[in-house]
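S.K.: This is input_16.txt, which holds compact mmCIF, C-alpha atoms:
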```txt
# COMPACT_ATOMS: atom_id res chain seq x y z
CA MET P 1 5.98 -30.88 -15.20
CA SER P 2 3.39 -32.84 -17.07
CA PHE P 3 4.37 -31.38 -20.43
CA SER P 4 7.42 -31.90 -22.63
CA ASP P 5 10.44 -29.64 -22.94
CA ILE P 6 9.84 -26.16 -24.31
CA GLU P 7 12.53 -24.01 -25.90
CA VAL P 8 11.83 -20.41 -26.86
CA LEU P 9 13.90 -18.99 -29.73
CA ARG P 10 13.91 -15.20 -30.07
CA LEU P 11 14.96 -14.08 -33.57
CA GLY P 12 16.49 -10.75 -34.57
CA HIS P 13 17.28 -9.26 -31.17
CA ARG P 14 18.62 -5.69 -31.47
CA VAL P 15 20.72 -4.68 -28.50
CA GLY P 16 19.98 -0.97 -28.84
CA ARG P 17 16.23 -1.28 -29.19
CA ASP P 18 14.89 -4.54 -27.81
CA PRO P 19 16.54 -5.26 -24.44
CA ARG P 20 13.41 -4.84 -22.34
CA ILE P 21 11.05 -6.65 -24.71
CA THR P 22 13.49 -9.54 -25.07
CA THR P 23 14.03 -9.64 -21.28
CA HIS P 24 10.26 -9.84 -20.82
CA LEU P 25 10.17 -12.71 -23.35
CA ALA P 26 12.83 -14.61 -21.42
CA LEU P 27 11.08 -13.98 -18.09
CA VAL P 28 7.72 -15.10 -19.49
CA ALA P 29 9.42 -18.22 -20.85
CA ARG P 30 10.90 -18.86 -17.38
CA ALA P 31 7.68 -18.13 -15.48
CA MET P 32 5.40 -20.17 -17.70
CA GLY P 33 7.00 -23.52 -18.31
CA ALA P 34 9.81 -23.18 -20.87
CA ASN P 35 13.21 -24.51 -19.79
CA LYS P 36 15.42 -23.06 -22.53
CA PHE P 37 15.69 -19.55 -23.92
CA THR P 38 17.76 -19.10 -27.07
CA LEU P 39 18.72 -15.64 -28.28
CA ALA P 40 19.50 -14.83 -31.92
CA GLY P 41 20.35 -11.53 -33.56
CA ASP P 42 22.66 -9.32 -31.50
CA GLN P 43 24.57 -10.91 -28.65
CA ASP P 44 23.61 -9.44 -25.27
CA GLU P 45 25.53 -10.48 -22.16
CA LYS P 46 23.71 -7.92 -20.03
CA LEU P 47 20.39 -9.55 -20.84
CA PHE P 48 21.76 -12.98 -19.88
CA ASP P 49 23.09 -11.47 -16.63
CA ASN P 50 19.61 -10.15 -15.82
CA ILE P 51 18.01 -13.55 -16.31
CA ALA P 52 20.79 -15.22 -14.31
CA SER P 53 20.06 -12.78 -11.51
CA VAL P 54 16.33 -13.69 -11.55
CA ASN P 55 17.27 -17.40 -11.52
CA GLU P 56 19.56 -16.69 -8.56
CA ARG P 57 16.96 -14.80 -6.53
CA PHE P 58 13.72 -16.59 -7.44
CA GLY P 59 15.06 -20.05 -8.22
CA HIS P 60 16.64 -21.66 -11.22
CA GLY P 61 14.15 -22.14 -14.01
CA ILE P 62 15.63 -21.41 -17.39
CA ALA P 63 18.90 -21.87 -19.26
CA CYS P 64 19.88 -19.18 -21.77
CA ARG P 65 22.21 -19.50 -24.74
CA TYR P 66 23.11 -17.55 -27.86
CA GLU P 67 22.56 -18.99 -31.34
CA HIS P 68 24.61 -17.49 -34.16
CA SER P 69 22.78 -19.18 -37.07
CA PRO P 70 19.12 -19.64 -36.10
CA MET P 71 17.83 -20.26 -39.64
CA LYS P 72 20.47 -22.95 -40.19
CA MET P 73 19.44 -24.50 -36.87
CA LEU P 74 15.76 -24.42 -37.86
CA ARG P 75 16.46 -25.88 -41.33
CA ARG P 76 18.41 -28.73 -39.77
CA ILE P 77 15.60 -29.52 -37.32
CA ALA P 78 12.89 -29.25 -40.01
CA ALA P 79 14.81 -31.59 -42.32
CA SER P 80 15.31 -34.23 -39.64
CA ASN P 81 13.30 -37.43 -39.77
CA ASP P 82 14.05 -38.11 -36.13
CA GLU P 83 10.74 -38.45 -34.33
CA SER P 84 12.27 -36.98 -31.21
CA ARG P 85 12.92 -33.67 -32.95
CA PRO P 86 10.89 -30.77 -31.54
CA VAL P 87 7.81 -29.42 -33.27
CA ILE P 88 8.62 -25.97 -34.65
CA ILE P 89 5.89 -23.53 -33.70
CA HIS P 90 6.18 -20.00 -35.09
CA LEU P 91 4.15 -17.29 -33.39
CA THR P 92 2.99 -14.68 -35.90
CA MET P 93 0.00 -12.39 -36.29
CA TYR P 94 -0.49 -13.92 -39.75
CA GLY P 95 -0.95 -17.52 -38.62
CA GLU P 96 -3.81 -19.84 -37.68
CA PRO P 97 -5.85 -19.28 -34.49
CA PHE P 98 -3.76 -20.72 -31.65
CA LYS P 99 -6.56 -22.02 -29.45
CA LYS P 100 -8.16 -23.95 -32.29
CA THR P 101 -4.88 -25.33 -33.63
CA ILE P 102 -3.01 -26.29 -30.44
CA PRO P 103 -5.22 -29.36 -29.79
CA ASN P 104 -4.00 -30.76 -33.16
CA ILE P 105 -0.32 -30.55 -32.21
CA PRO P 106 1.12 -33.69 -30.58
CA LYS P 107 1.79 -32.73 -26.98
CA GLN P 108 4.27 -35.49 -26.22
CA ARG P 109 6.71 -33.86 -28.64
CA ASN P 110 9.13 -31.21 -27.41
CA ALA P 111 8.27 -27.72 -28.62
CA LEU P 112 10.53 -25.13 -30.19
CA VAL P 113 8.61 -21.86 -30.06
CA VAL P 114 9.92 -19.24 -32.48
CA VAL P 115 9.23 -15.59 -31.71
CA GLY P 116 10.04 -13.23 -34.55
CA GLY P 117 11.87 -9.94 -34.36
CA ALA P 118 11.72 -6.85 -36.53
CA LYS P 119 12.24 -8.70 -39.81
CA VAL P 120 11.20 -12.31 -40.10
CA PRO P 121 12.55 -14.23 -43.15
CA ALA P 122 9.66 -15.46 -45.34
CA GLU P 123 11.29 -18.91 -45.24
CA LEU P 124 10.29 -19.21 -41.59
CA PHE P 125 6.64 -19.71 -42.57
CA SER P 126 7.47 -22.79 -44.66
CA ILE P 127 10.12 -24.22 -42.32
CA SER P 128 7.81 -24.11 -39.30
CA ASP P 129 5.49 -27.02 -38.60
CA TYR P 130 2.85 -24.56 -37.38
CA ASN P 131 2.37 -20.82 -37.85
CA LEU P 132 0.13 -19.76 -34.98
CA ALA P 133 -1.56 -16.42 -34.49
CA VAL P 134 -2.52 -15.12 -31.09
CA GLY P 135 -5.20 -12.90 -32.59
CA ASN P 136 -4.80 -11.22 -35.97
CA GLN P 137 -4.29 -7.72 -34.63
CA PRO P 138 -0.88 -6.16 -33.95
CA HIS P 139 -0.04 -6.31 -30.26
CA SER P 140 2.99 -7.84 -28.56
CA GLU P 141 5.24 -10.85 -28.92
CA VAL P 142 5.41 -10.94 -25.11
CA ALA P 143 1.63 -11.29 -24.88
CA ALA P 144 1.59 -13.84 -27.71
CA LEU P 145 4.21 -16.01 -26.00
CA ALA P 146 2.37 -15.84 -22.66
CA LEU P 147 -0.99 -16.80 -24.15
CA PHE P 148 0.57 -19.57 -26.22
CA LEU P 149 2.41 -21.06 -23.21
CA ASP P 150 -0.69 -20.87 -21.01
CA CYS P 151 -2.72 -22.73 -23.64
CA TRP P 152 0.06 -25.22 -24.48
CA THR P 153 0.69 -26.15 -20.84
CA GLU P 154 -3.01 -25.89 -19.97
CA GLY P 155 -2.10 -23.48 -17.19
CA ALA P 156 0.39 -25.90 -15.61
CA GLY P 157 3.34 -23.72 -16.69
CA PHE P 158 2.66 -21.53 -13.68
CA GLU P 159 2.91 -24.46 -11.29
CA ARG P 160 6.46 -25.51 -12.02
CA GLU P 161 9.02 -25.64 -9.25
CA TYR P 162 12.17 -23.55 -9.11
CA THR P 163 15.33 -24.85 -7.51
CA ASN P 164 17.17 -23.01 -4.73
CA PRO P 165 15.21 -19.75 -4.57
CA GLN P 166 16.36 -17.03 -2.18
CA LEU P 167 12.98 -15.32 -2.27
CA VAL P 168 9.50 -16.84 -2.37
CA ILE P 169 6.38 -14.77 -3.01
CA SER P 170 3.13 -16.08 -1.59
CA PRO P 171 -0.25 -14.98 -2.95
CA SER P 172 -1.90 -12.25 -0.87
CA LYS P 173 -5.19 -10.36 -0.99
CA SER P 174 -3.79 -7.06 0.13
CA GLY P 175 -0.03 -6.59 0.11
CA LYS P 176 3.40 -8.06 -0.35
CA ASP P 177 4.18 -11.42 1.21
CA VAL P 178 7.82 -12.19 0.38
CA LYS P 179 9.91 -14.67 2.34
CA GLU P 180 13.66 -15.06 2.32
CA VAL P 181 14.63 -18.72 2.34
CA MET F 1 -18.99 -7.48 -27.05
CA SER F 2 -20.61 -9.62 -24.43
CA PHE F 3 -18.54 -8.14 -21.62
CA SER F 4 -18.64 -4.73 -19.95
CA ASP F 5 -16.33 -1.79 -20.59
CA ILE F 6 -12.68 -2.28 -19.74
CA GLU F 7 -10.26 0.55 -19.04
CA VAL F 8 -6.55 -0.11 -18.62
CA LEU F 9 -4.63 2.37 -16.46
CA ARG F 10 -0.83 2.30 -16.79
CA LEU F 11 0.90 3.90 -13.79
CA GLY F 12 4.36 5.43 -13.68
CA HIS F 13 5.24 5.56 -17.37
CA ARG F 14 8.80 6.80 -17.94
CA VAL F 15 9.28 8.32 -21.35
CA GLY F 16 13.00 7.50 -21.55
CA ARG F 17 12.73 3.89 -20.50
CA ASP F 18 9.26 2.46 -21.02
CA PRO F 19 7.97 3.53 -24.45
CA ARG F 20 7.98 0.06 -26.00
CA ILE F 21 6.61 -1.78 -22.97
CA THR F 22 3.83 0.80 -22.55
CA THR F 23 3.07 0.68 -26.29
CA HIS F 24 2.76 -3.09 -26.03
CA LEU F 25 0.39 -2.64 -23.06
CA ALA F 26 -1.81 -0.28 -25.08
CA LEU F 27 -1.78 -2.62 -28.10
CA VAL F 28 -2.66 -5.63 -25.95
CA ALA F 29 -5.49 -3.60 -24.40
CA ARG F 30 -6.73 -2.72 -27.91
CA ALA F 31 -6.37 -6.25 -29.30
CA MET F 32 -7.99 -8.03 -26.38
CA GLY F 33 -11.16 -6.21 -25.50
CA ALA F 34 -10.35 -3.02 -23.59
CA ASN F 35 -11.83 0.18 -24.99
CA LYS F 36 -9.90 2.78 -22.99
CA PHE F 37 -6.20 3.15 -22.31
CA THR F 38 -5.18 5.71 -19.72
CA LEU F 39 -1.56 6.73 -19.32
CA ALA F 40 -0.10 8.10 -16.07
CA GLY F 41 3.45 9.10 -15.20
CA ASP F 42 5.26 10.93 -17.98
CA GLN F 43 3.21 12.38 -20.82
CA ASP F 44 4.07 10.79 -24.18
CA GLU F 45 2.50 12.17 -27.33
CA LYS F 46 4.61 9.92 -29.53
CA LEU F 47 3.14 6.85 -27.87
CA PHE F 48 -0.40 8.17 -28.44
CA ASP F 49 0.51 8.85 -32.09
CA ASN F 50 1.65 5.24 -32.48
CA ILE F 51 -1.63 3.88 -31.13
CA ALA F 52 -3.62 6.34 -33.29
CA SER F 53 -1.72 5.03 -36.31
CA VAL F 54 -2.62 1.41 -35.43
CA ASN F 55 -6.28 2.46 -34.98
CA GLU F 56 -6.10 4.17 -38.37
CA ARG F 57 -4.62 1.19 -40.19
CA PHE F 58 -6.22 -1.77 -38.42
CA GLY F 59 -9.50 -0.19 -37.31
CA HIS F 60 -10.53 1.96 -34.41
CA GLY F 61 -10.52 0.01 -31.20
CA ILE F 62 -9.19 2.02 -28.29
CA ALA F 63 -9.29 5.58 -26.98
CA CYS F 64 -6.18 6.89 -25.20
CA ARG F 65 -5.96 9.71 -22.69
CA TYR F 66 -3.47 11.05 -20.16
CA GLU F 67 -4.27 11.18 -16.43
CA HIS F 68 -2.30 13.62 -14.33
CA SER F 69 -3.45 12.40 -10.90
CA PRO F 70 -4.09 8.65 -11.10
CA MET F 71 -4.09 8.02 -7.34
CA LYS F 72 -6.62 10.82 -6.81
CA MET F 73 -8.75 9.29 -9.57
CA LEU F 74 -8.51 5.83 -7.97
CA ARG F 75 -9.32 7.19 -4.48
CA ARG F 76 -12.40 8.94 -5.85
CA ILE F 77 -13.63 5.78 -7.58
CA ALA F 78 -12.89 3.58 -4.55
CA ALA F 79 -14.79 5.96 -2.24
CA SER F 80 -17.87 6.09 -4.46
CA ASN F 81 -21.02 4.25 -3.41
CA ASP F 82 -22.31 4.38 -6.97
CA GLU F 83 -22.99 0.82 -8.06
CA SER F 84 -22.08 1.73 -11.61
CA ARG F 85 -18.50 2.53 -10.62
CA PRO F 86 -15.91 0.20 -12.13
CA VAL F 87 -14.30 -2.60 -10.14
CA ILE F 88 -10.66 -1.68 -9.54
CA ILE F 89 -8.44 -4.64 -10.40
CA HIS F 90 -4.72 -4.24 -9.71
CA LEU F 91 -2.37 -6.64 -11.48
CA THR F 92 0.62 -7.46 -9.30
CA MET F 93 2.93 -10.42 -8.78
CA TYR F 94 2.04 -10.23 -5.06
CA GLY F 95 -1.71 -10.74 -5.48
CA GLU F 96 -4.18 -13.63 -5.46
CA PRO F 97 -4.19 -16.20 -8.29
CA PHE F 98 -6.11 -14.59 -11.16
CA LYS F 99 -7.80 -17.67 -12.56
CA LYS F 100 -9.20 -18.69 -9.18
CA THR F 101 -10.29 -15.17 -8.24
CA ILE F 102 -11.81 -13.85 -11.49
CA PRO F 103 -14.94 -16.02 -11.19
CA ASN F 104 -15.71 -14.19 -7.90
CA ILE F 105 -15.67 -10.74 -9.52
CA PRO F 106 -19.03 -9.50 -10.80
CA LYS F 107 -18.70 -9.50 -14.59
CA GLN F 108 -21.55 -7.09 -15.29
CA ARG F 109 -19.49 -4.32 -13.65
CA ASN F 110 -17.10 -2.25 -15.74
CA ALA F 111 -13.46 -3.02 -15.01
CA LEU F 112 -10.61 -0.61 -14.35
CA VAL F 113 -7.42 -2.65 -14.70
CA VAL F 114 -4.40 -1.05 -13.05
CA VAL F 115 -0.96 -2.01 -14.31
CA GLY F 116 1.87 -0.81 -12.12
CA GLY F 117 5.09 0.82 -13.19
CA ALA F 118 8.52 0.95 -11.62
CA LYS F 119 7.29 2.10 -8.20
CA VAL F 120 3.77 1.27 -7.11
CA PRO F 121 2.45 3.20 -4.07
CA ALA F 122 1.60 0.79 -1.22
CA GLU F 123 -1.79 2.51 -0.98
CA LEU F 124 -2.75 0.91 -4.30
CA PHE F 125 -3.09 -2.49 -2.61
CA SER F 126 -5.74 -1.20 -0.20
CA ILE F 127 -7.57 1.06 -2.69
CA SER F 128 -8.00 -1.74 -5.22
CA ASP F 129 -11.01 -4.05 -4.97
CA TYR F 130 -8.82 -6.94 -6.12
CA ASN F 131 -5.06 -7.48 -6.23
CA LEU F 132 -4.55 -10.21 -8.79
CA ALA F 133 -1.36 -12.10 -9.53
CA VAL F 134 -0.69 -13.70 -12.89
CA GLY F 135 1.75 -16.14 -11.36
CA ASN F 136 3.98 -15.25 -8.43
CA GLN F 137 7.21 -15.10 -10.43
CA PRO F 138 8.64 -11.94 -11.96
CA HIS F 139 7.84 -11.74 -15.68
CA SER F 140 6.06 -8.99 -17.58
CA GLU F 141 3.16 -6.59 -17.12
CA VAL F 142 2.41 -7.08 -20.82
CA ALA F 143 1.99 -10.83 -20.31
CA ALA F 144 0.00 -10.28 -17.12
CA LEU F 145 -2.43 -7.91 -18.87
CA ALA F 146 -2.87 -10.30 -21.81
CA LEU F 147 -3.57 -13.32 -19.59
CA PHE F 148 -5.91 -11.33 -17.39
CA LEU F 149 -7.91 -9.97 -20.36
CA ASP F 150 -8.12 -13.41 -21.98
CA CYS F 151 -9.51 -14.89 -18.76
CA TRP F 152 -11.78 -11.91 -17.98
CA THR F 153 -13.36 -11.89 -21.47
CA GLU F 154 -13.27 -15.69 -21.70
CA GLY F 155 -11.40 -15.39 -24.98
CA ALA F 156 -14.03 -13.09 -26.53
CA GLY F 157 -11.69 -10.10 -26.39
CA PHE F 158 -10.05 -11.38 -29.56
CA GLU F 159 -13.36 -11.43 -31.41
CA ARG F 160 -14.26 -7.78 -31.15
CA GLU F 161 -14.85 -5.73 -34.28
CA TYR F 162 -12.79 -2.74 -35.32
CA THR F 163 -14.35 0.15 -37.22
CA ASN F 164 -13.01 1.40 -40.56
CA PRO F 165 -9.85 -0.68 -40.94
CA GLN F 166 -7.59 -0.07 -43.94
CA LEU F 167 -5.91 -3.46 -43.52
CA VAL F 168 -7.43 -6.78 -42.54
CA ILE F 169 -5.29 -9.82 -41.73
CA SER F 170 -6.86 -13.23 -42.30
CA PRO F 171 -5.56 -16.37 -40.58
CA SER F 172 -3.23 -18.44 -42.77
CA LYS F 173 -1.38 -21.73 -42.39
CA SER F 174 1.68 -20.68 -44.31
CA GLY F 175 2.18 -17.01 -45.05
CA LYS F 176 0.83 -13.47 -44.93
CA ASP F 177 -2.76 -12.85 -46.01
CA VAL F 178 -3.34 -9.11 -45.70
CA LYS F 179 -6.11 -7.30 -47.56
CA GLU F 180 -6.48 -3.57 -48.15
CA VAL F 181 -10.08 -2.52 -47.70
```
What do you get writing this file as structure tokens?

M.R.:
Amino acid sequence: MSFSDIEVLRLGHRVGRDPRITTHLALVARAMGANKFTLAGDQDEKLFDNIASVNERFGHGIACRYEHSPMKMLRRIAASNDESRPVIIHLTMYGEPFKKTIPNIPKQRNALVVVGGAKVPAELFSISDYNLAVGNQPHSEVAALALFLDCWTEGAGFEREYTNPQLVISPSKSGKDVKEV
Amino acid sequence: MSFSDIEVLRLGHRVGRDPRITTHLALVARAMGANKFTLAGDQDEKLFDNIASVNERFGHGIACRYEHSPMKMLRRIAASNDESRPVIIHLTMYGEPFKKTIPNIPKQRNALVVVGGAKVPAELFSISDYNLAVGNQPHSEVAALALFLDCWTEGAGFEREYTNPQLVISPSKSGKDVKEV
């Protein structure tokens, strides 16, 4: 990969309501260049099992972990003077236009991309280095993450390699071309 | 808008399992330049109510309808010699790379973007004018639709205008800037 490490932090996961949206977030992270997915809110082993199963079948691409105190973690990172700390990028419909702002963010830094849940603490806006909006209309955190990652990696997120896949899909004009390896 | 009409057709909606994913699809369609959202599979008045409520609050941007026989509709369109018929574009992880293929699709034609559900009939691959993959890894139909629309409209989907909004969100570096109008 020609870009730095990317961690996606999903805040406020609710096990009864969000499993599919959060699974889609983790899969988008995996498919588009992130190497870490961190879950906060409710713990959800089933979700981690699903992602492990995709890693198993389509190749290892992302490591998942649970974070009990995400705001504490973010405060600690924001307060650090260490130049190797990641840039905290918060995706929100209230932020600055992502395509205009991304060129101003130093690309050699690792990125910690924060995706809000149902209730985002107001403090997150001040703790984050950048509050980026993927449009200012309500739509989807899954779409926002995908568009952000595509822009951040300049499309290269899709070209990463996955280790030890069992299945490989090749592009096809007119059907399914899946190979077992 | 500088691009032609875009209709998004969601196949195979399941009311018990998919309401949030399908809602996100409709909201992405609305936020990124589509003007019609057509639901197939289970009927879902609650989903339509949700989108109507977003139209009401943030401005009218998309018309929703239910289609009982989507494959019949697609067959009819595909068989038509009418040059004004929309191009049928099927989003699938098995297709051709979207960014390389989109420049070959005539942009003055209206687009009918088909987003599959749990089970996609094999016939869809042959009926569609284009089978486009947004990456060949499993991720999310919401992400695929967003990336497709961004590429298809060359980013202009985000700049459309919405009629009679009650709320307008303005971009902000550090907080929420929402105005009632």

S.K.: Return the single residue from P:Val120, P:Ala26, P:Val113, P:Ala146 that is closest to P:Phe158, with distances computed using only C-alpha atoms.

M.R.: P:Ala146

S.K.: Can you work out which one of F:Pro106, F:Gly95, F:Gly117, F:Pro70 has the shortest atom-to-atom distance to F:Val15, counting all atoms listed in the file?

M.R.: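 Residue with the minimum atom-to-atom distance to F:Val15: F:Gly117.
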
S.K.: Sorted by chain and rising residue number, list the residues of chain P at most 9 Å from chain F (counting all atoms listed in the file), each with its closest atom pair and distance in Å to one decimal, as a tab-separated table.

M.R.:
```
residue	atom	partner	partner_atom	distance
P:Arg17	CA	F:Arg20	CA	8.9
P:Asp18	CA	F:Arg20	CA	8.5
P:Arg20	CA	F:Ile21	CA	7.5
P:Ile21	CA	F:Ile21	CA	6.8
P:Thr23	CA	F:His139	CA	8.6
P:His24	CA	F:Ser140	CA	5.4
P:Leu25	CA	F:Ser140	CA	8.0
P:Ala26	CA	F:His139	CA	8.1
P:Leu27	CA	F:His139	CA	4.6
P:Val28	CA	F:His139	CA	5.1
P:Ala29	CA	F:His139	CA	8.4
P:Arg30	CA	F:His139	CA	7.9
P:Ala31	CA	F:Gln137	CA	5.9
P:Met32	CA	F:Gly135	CA	8.4
P:Val54	CA	F:Pro138	CA	7.9
P:Phe58	CA	F:Gln137	CA	7.3
P:Met93	CA	F:Ile169	CA	8.0
P:Tyr94	CA	F:Lys176	CA	5.4
P:Gly95	CA	F:Ser172	CA	4.8
P:Glu96	CA	F:Pro171	CA	4.8
P:Pro97	CA	F:Pro171	CA	6.8
P:Ala122	CA	F:Gly175	CA	7.6
P:Phe125	CA	F:Ser174	CA	5.3
P:Ser126	CA	F:Ser174	CA	6.2
P:Ser128	CA	F:Ser174	CA	8.6
P:Tyr130	CA	F:Lys173	CA	7.1
P:Asn131	CA	F:Lys173	CA	6.0
P:Leu132	CA	F:Lys173	CA	7.8
P:Ala133	CA	F:Pro171	CA	7.3
P:Val134	CA	F:Phe158	CA	8.5
P:Gly135	CA	F:Phe158	CA	5.9
P:Asn136	CA	F:Ile169	CA	5.9
P:Gln137	CA	F:Ala31	CA	5.9
P:Pro138	CA	F:Leu27	CA	6.9
P:His139	CA	F:Leu27	CA	4.6
P:Ser140	CA	F:His24	CA	5.4
P:Glu141	CA	F:His24	CA	8.6
P:Val142	CA	F:Ala143	CA	5.9
P:Ala143	CA	F:Ala143	CA	4.6
P:Ala144	CA	F:Ala143	CA	8.0
P:Leu145	CA	F:Ala143	CA	8.0
P:Ala146	CA	F:Ala143	CA	5.5
P:Leu147	CA	F:Leu147	CA	6.3
P:Asp150	CA	F:Leu147	CA	8.2
P:Phe158	CA	F:Gly135	CA	5.9
P:Glu159	CA	F:Gly135	CA	8.4
P:Val168	CA	F:Asn136	CA	8.3
P:Ile169	CA	F:Asn136	CA	5.9
P:Ser170	CA	F:Tyr94	CA	6.9
P:Pro171	CA	F:Glu96	CA	4.9
P:Ser172	CA	F:Gly95	CA	4.9
P:Lys173	CA	F:Glu96	CA	5.6
P:Ser174	CA	F:Phe125	CA	5.4
P:Gly175	CA	F:Phe125	CA	5.8
P:Lys176	CA	F:Tyr94	CA	5.4
P:Asp177	CA	F:Tyr94	CA	6.7
P:Val178	CA	F:Tyr94	CA	8.2
```

S.K.: Compare F:Thr101, F:Thr38, F:Thr22, F:Ser4 by their minimum atom-to-atom distance to F:Val114, counting all atoms listed in the file, and give me the closest one.

M.R.: F:Thr38

S.K.: Taking only C-alpha atoms into account, name the residue in P:Leu9, P:Glu56, P:Leu91, P:Ser69 that is nearest to P:Phe37.

M.R.: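 For P:Phe37, the nearest of the given residues is P:Leu9.
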
S.K.: For the atom pair atom CA of F:Val115 and atom CA of F:Val8, what is the interatomic distance in Å to one decimal place?

M.R.: 7.3 Å

S.K.: Find the residue from P:Arg57, P:Ala118, P:Asn110, P:Trp152 that sits nearest to P:Phe98; use all atoms listed in the file when measuring.

M.R.: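 Once distances to P:Phe98 are computed over all atoms listed in the file, the minimum belongs to P:Trp152.
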
S.K.: Can you measure atom CA of F:Cys151 to atom CA of F:Ile102 for me? One decimal in Å is fine.

M.R.: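 Atom CA of F:Ile102 lies 7.7 Å from atom CA of F:Cys151.
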
S.K.: Excluding same-chain residues fewer than 3 positions from stretch 40-53 of chain P, what lies within 6 Å of it counting all atoms listed in the file, as a ChimeraX atom specification?

M.R.: /P:10-15,56,67

S.K.: What is the distance, in Å and to one decimal place, between atom CA of P:Leu112 and atom CA of P:Gly33?

M.R.: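 If I compute the distance from atom CA of P:Leu112 to atom CA of P:Gly33, I get 12.5 Å.
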